[in-house]
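Here's the structure we're looking at; comments come further down.
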Amino acid sequence: MKSIINNEIEIDYPDSFYVPEREEMLKYYTTITNRFVIRNAEKHMIISVGWTNPLNLLSSVLVSDKSFLGNCDKNFRRMLKDYKRGEDFSCEICGCEANGFAFSYSANDTGAPQNGKTLTVKPGKRIYVLEYVTSGDDRMFCNMAFNMVINSIRLINTESK
């Protein structure tokens with residue numbers, strides 16, 4: 001399936017995912033502003049794409065996608081029970097270097113083990129944060145689905161560069 005996010009990027013994702021209603025998204029996120037979410041209920045997996053407001057010249061000098069990724073790590077450490085940062089990774093998205101890391105934690109409500117990956121990229125005037133989280137055991141499927149999204153990203157609004 002295809003979705004256009006923020007009128008700037010287009011992604012593909014597996015047919016087994018759906019876009020949840022607002023109420024369902026709020027079960028998983030404190031805010032859904034500037035966030036696109038897809039979910040596969042059978043695999044207990046959520047993939048989200050978040051974005052910043054456009055960075056002005058000063059902000060773009062002071063805030064990089066790597067520093068933003070560091071803030072993600074700090075926020076996870078503060079908010080997620082038994083949080084552990086895993087292996088770092090990088091890839092290319094829309095001709096830009098994207099950096100990320102794997103992580104794990106325990107669900108606050110049930111204590112169930114959760115794992116995922118997060119990465120940041122700045123293909124234009126915004127920083128995008130891509131993330132997946134799952135409580136499922138099928139890591140091969142989860143990595144495949146996340147990689148499908150990452151590899152499919154296309155910048156469609158070249159004026160935002």
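Lettering and numbering for the structure tokens are positional, with chains as A, B, ... in the shown order, residues counted from 1 in each chain, and ligands counted from 1 in the shown order.
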
Please provide the set of residues having any atom within 7 Å of region 125-142 of chain A, restricted to only C-alpha atoms, with same-chain residues fewer than 4 positions apart removed, written as a compact mmCIF listing (two decimals) with N, CA and C atoms, in the first residue's frame.
# COMPACT_ATOMS: atom_id res chain seq x y z
N LYS A 43 0.82 -9.28 14.07
CA LYS A 43 2.24 -9.36 14.43
C LYS A 43 2.58 -8.43 15.61
N HIS A 44 1.59 -7.74 16.15
CA HIS A 44 1.80 -6.83 17.28
C HIS A 44 2.89 -5.81 16.95
N MET A 45 2.76 -5.17 15.78
CA MET A 45 3.79 -4.26 15.29
C MET A 45 3.19 -2.94 14.89
N ILE A 46 3.89 -1.87 15.25
CA ILE A 46 3.52 -0.51 14.85
C ILE A 46 4.73 0.12 14.18
N ILE A 47 4.51 0.77 13.06
CA ILE A 47 5.53 1.58 12.40
C ILE A 47 5.01 3.00 12.40
N SER A 48 5.86 3.94 12.81
CA SER A 48 5.43 5.34 12.78
C SER A 48 6.48 6.19 12.09
N VAL A 49 5.99 7.26 11.48
CA VAL A 49 6.85 8.27 10.87
C VAL A 49 6.44 9.59 11.50
N GLY A 50 7.37 10.22 12.19
CA GLY A 50 7.12 11.53 12.79
C GLY A 50 7.99 12.56 12.11
N TRP A 51 7.65 13.84 12.27
CA TRP A 51 8.44 14.88 11.63
C TRP A 51 8.40 16.16 12.46
N THR A 52 9.44 16.96 12.27
CA THR A 52 9.53 18.26 12.93
C THR A 52 8.85 19.30 12.05
N ASN A 53 8.61 20.46 12.62
CA ASN A 53 8.23 21.60 11.80
C ASN A 53 9.44 21.97 10.95
N PRO A 54 9.24 22.71 9.85
CA PRO A 54 10.40 23.08 9.02
C PRO A 54 11.45 23.83 9.86
N LEU A 55 12.70 23.48 9.65
CA LEU A 55 13.78 24.13 10.38
C LEU A 55 14.20 25.40 9.63
N ASP A 65 20.01 15.78 12.38
CA ASP A 65 19.27 14.53 12.58
C ASP A 65 19.97 13.64 13.60
N PRO A 113 7.95 -7.88 27.11
CA PRO A 113 9.12 -7.38 26.38
C PRO A 113 8.71 -6.77 25.04
N GLN A 114 9.31 -5.65 24.73
CA GLN A 114 9.08 -4.92 23.49
C GLN A 114 10.44 -4.70 22.84
N ASN A 115 10.48 -4.63 21.53
CA ASN A 115 11.73 -4.26 20.86
C ASN A 115 11.40 -3.48 19.61
N GLY A 116 12.40 -2.79 19.10
CA GLY A 116 12.17 -2.00 17.91
C GLY A 116 13.43 -1.34 17.41
N LYS A 117 13.22 -0.45 16.46
CA LYS A 117 14.31 0.35 15.89
C LYS A 117 13.78 1.75 15.65
N THR A 118 14.68 2.71 15.71
CA THR A 118 14.34 4.08 15.38
C THR A 118 15.47 4.67 14.55
N LEU A 119 15.14 5.57 13.64
CA LEU A 119 16.17 6.25 12.86
C LEU A 119 15.69 7.64 12.49
N THR A 120 16.65 8.51 12.22
CA THR A 120 16.33 9.88 11.84
C THR A 120 17.01 10.19 10.51
N VAL A 121 16.36 11.06 9.74
CA VAL A 121 16.91 11.51 8.46
C VAL A 121 16.37 12.91 8.18
N PHE A 146 9.83 -3.05 8.19
CA PHE A 146 10.47 -1.76 8.44
C PHE A 146 11.41 -1.39 7.30
N SER A 160 10.52 21.40 -0.65
CA SER A 160 10.84 21.33 0.76
C SER A 160 12.32 21.05 1.00
N LYS A 161 13.09 20.91 -0.07
CA LYS A 161 14.55 20.71 0.07
C LYS A 161 15.24 21.99 0.44

Task: Nearest to Asn7 (chain A), chosen from A:Lys81, A:Asn99, A:Asn147, A:Asn34, with only C-alpha atoms counted in the distances - done: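 Using only C-alpha atoms, Asn7 (chain A) sits closest to A:Asn34.
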
Open item on the list: Here is a test: counting only C-alpha atoms, which residue of A:Val19, A:Cys72, A:Leu155, A:Ile11 is nearest to Cys96 (chain A)?
Closed with: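 That would be A:Leu155, the residue with the smallest distance to Cys96 (chain A).
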
- [ ] Output as JSON, numbers by chain all residues of chain A that backbone DSSP marks as strand (DSSP E).
- [x] {"A": [2, 3, 4, 5, 9, 10, 11, 12, 35, 36, 37, 38, 39, 40, 45, 46, 47, 48, 49, 50, 51, 81, 82, 83, 84, 85, 86, 87, 88, 89, 90, 91, 92, 93, 96, 97, 98, 99, 100, 101, 102, 103, 104, 105, 106, 113, 114, 115, 116, 117, 118, 119, 120, 121, 128, 129, 130, 131, 132, 133, 134, 154, 155]}

Just C-alpha atoms for this one: save the residues we selected as a CSV table (one decimal), in the first residue's frame.
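Result file is selection29.csv:
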chain,number,residue,atom,x,y,z
A,2,LYS,CA,1.1,3.6,-0.5
A,3,SER,CA,0.7,6.7,1.6
A,4,ILE,CA,1.8,10.3,1.2
A,5,ILE,CA,3.1,11.8,4.4
A,9,ILE,CA,7.3,11.9,1.2
A,10,GLU,CA,5.7,8.8,-0.1
A,11,ILE,CA,6.1,5.4,1.5
A,12,ASP,CA,5.0,1.9,0.6
A,35,ARG,CA,2.9,11.5,13.1
A,36,PHE,CA,1.8,8.9,10.6
A,37,VAL,CA,1.1,5.4,12.1
A,38,ILE,CA,0.5,2.0,10.5
A,39,ARG,CA,-0.2,-1.2,12.5
A,40,ASN,CA,-0.2,-4.9,12.0
A,45,MET,CA,3.8,-4.3,15.3
A,46,ILE,CA,3.5,-0.5,14.8
A,47,ILE,CA,5.5,1.6,12.4
A,48,SER,CA,5.4,5.3,12.8
A,49,VAL,CA,6.8,8.3,10.9
A,50,GLY,CA,7.1,11.5,12.8
A,51,TRP,CA,8.4,14.9,11.6
A,81,LYS,CA,10.8,0.8,31.6
A,82,ASP,CA,13.9,-1.4,31.5
A,83,TYR,CA,15.1,0.5,28.3
A,84,LYS,CA,18.2,-0.8,26.6
A,85,ARG,CA,19.8,0.7,23.6
A,86,GLY,CA,21.0,-1.8,21.1
A,87,GLU,CA,23.1,-1.8,17.9
A,88,ASP,CA,23.5,1.3,15.9
A,89,PHE,CA,22.9,1.2,12.1
A,90,SER,CA,22.8,3.6,9.2
A,91,CYS,CA,21.4,3.6,5.7
A,92,GLU,CA,20.6,6.0,2.9
A,93,ILE,CA,17.1,7.6,2.4
A,96,CYS,CA,20.7,11.4,2.7
A,97,GLU,CA,22.5,9.5,5.4
A,98,ALA,CA,20.0,8.1,8.0
A,99,ASN,CA,21.2,7.0,11.4
A,100,GLY,CA,19.4,4.8,14.0
A,101,PHE,CA,19.6,2.2,16.7
A,102,ALA,CA,17.8,-0.9,17.9
A,103,PHE,CA,16.2,-0.8,21.4
A,104,SER,CA,14.2,-2.9,23.8
A,105,TYR,CA,12.1,-2.2,26.9
A,106,SER,CA,9.3,-3.6,29.0
A,113,PRO,CA,9.1,-7.4,26.4
A,114,GLN,CA,9.1,-4.9,23.5
A,115,ASN,CA,11.7,-4.3,20.9
A,116,GLY,CA,12.2,-2.0,17.9
A,117,LYS,CA,14.3,0.3,15.9
A,118,THR,CA,14.3,4.1,15.4
A,119,LEU,CA,16.2,6.2,12.9
A,120,THR,CA,16.3,9.9,11.8
A,121,VAL,CA,16.9,11.5,8.5
A,128,TYR,CA,11.9,12.7,10.0
A,129,VAL,CA,11.9,10.0,12.7
A,130,LEU,CA,11.0,6.4,11.6
A,131,GLU,CA,10.3,3.9,14.2
A,132,TYR,CA,8.9,0.4,14.7
A,133,VAL,CA,7.9,-1.3,17.9
A,134,THR,CA,6.7,-4.8,18.4
A,154,ARG,CA,10.5,9.0,-2.0
A,155,LEU,CA,10.7,12.7,-1.6

- [ ] Please identify which residues in region 5-148 of chain A DSSP calls alpha helix (DSSP H) from the backbone, and express them as a ChimeraX atom specification.
- [x] /A:22-28,57-62,65-79,139-148

Restricted to C-alpha atoms, what would the selected residues look like written as a CSV table (one decimal), in the first residue's frame?
chain,number,residue,atom,x,y,z
A,22,ARG,CA,-7.1,8.5,16.1
A,23,GLU,CA,-8.3,6.8,19.3
A,24,GLU,CA,-6.3,3.7,18.7
A,25,MET,CA,-3.1,5.7,18.0
A,26,LEU,CA,-3.6,7.6,21.3
A,27,LYS,CA,-3.3,4.2,23.1
A,28,TYR,CA,0.3,4.0,21.9
A,57,LEU,CA,18.5,28.5,8.9
A,58,LEU,CA,19.5,28.9,12.6
A,59,SER,CA,17.7,25.7,13.7
A,60,SER,CA,19.2,23.7,10.8
A,61,VAL,CA,22.7,24.7,12.0
A,62,LEU,CA,22.0,23.9,15.6
A,65,ASP,CA,19.3,14.5,12.6
A,66,LYS,CA,22.0,12.9,14.7
A,67,SER,CA,21.4,15.3,17.6
A,68,PHE,CA,17.7,14.6,17.3
A,69,LEU,CA,18.4,10.9,17.4
A,70,GLY,CA,20.4,11.5,20.6
A,71,ASN,CA,17.3,13.2,22.1
A,72,CYS,CA,15.2,10.2,21.1
A,73,ASP,CA,17.6,8.0,23.1
A,74,LYS,CA,17.3,10.3,26.1
A,75,ASN,CA,13.5,10.4,25.9
A,76,PHE,CA,13.3,6.6,25.6
A,77,ARG,CA,15.7,6.2,28.6
A,78,ARG,CA,13.4,8.5,30.6
A,79,MET,CA,10.0,7.1,29.6
A,139,ARG,CA,11.7,-10.2,14.2
A,140,MET,CA,12.4,-11.3,10.6
A,141,PHE,CA,8.9,-10.1,9.5
A,142,CYS,CA,9.3,-6.9,11.5
A,143,ASN,CA,12.7,-6.1,10.1
A,144,MET,CA,11.4,-6.9,6.6
A,145,ALA,CA,8.4,-4.6,7.0
A,146,PHE,CA,10.5,-1.8,8.4
A,147,ASN,CA,13.1,-2.1,5.7
A,148,MET,CA,10.4,-2.1,3.1

- [ ] Name the closest residue to Gly124 (chain A) among the candidates A:Ile32, A:Val63, A:Leu80, A:Glu8; distances are taken between atoms, counting only C-alpha atoms.
- [x]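 Looking at the shortest contact to Gly124 (chain A), the residue is A:Glu8.
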
TODO: Choose the residue, out of A:Ser152, A:Thr33, A:Cys94, A:Ala41, that has the smallest atom-to-atom separation from Met1 (chain A); count only C-alpha atoms.
DONE: A:Ser152

Open item on the list: Would you compute the distance between CA of Pro20 (chain A) and CA of Asn108 (chain A)? Give it in Å to one decimal.
Closed with: 21.2 Å
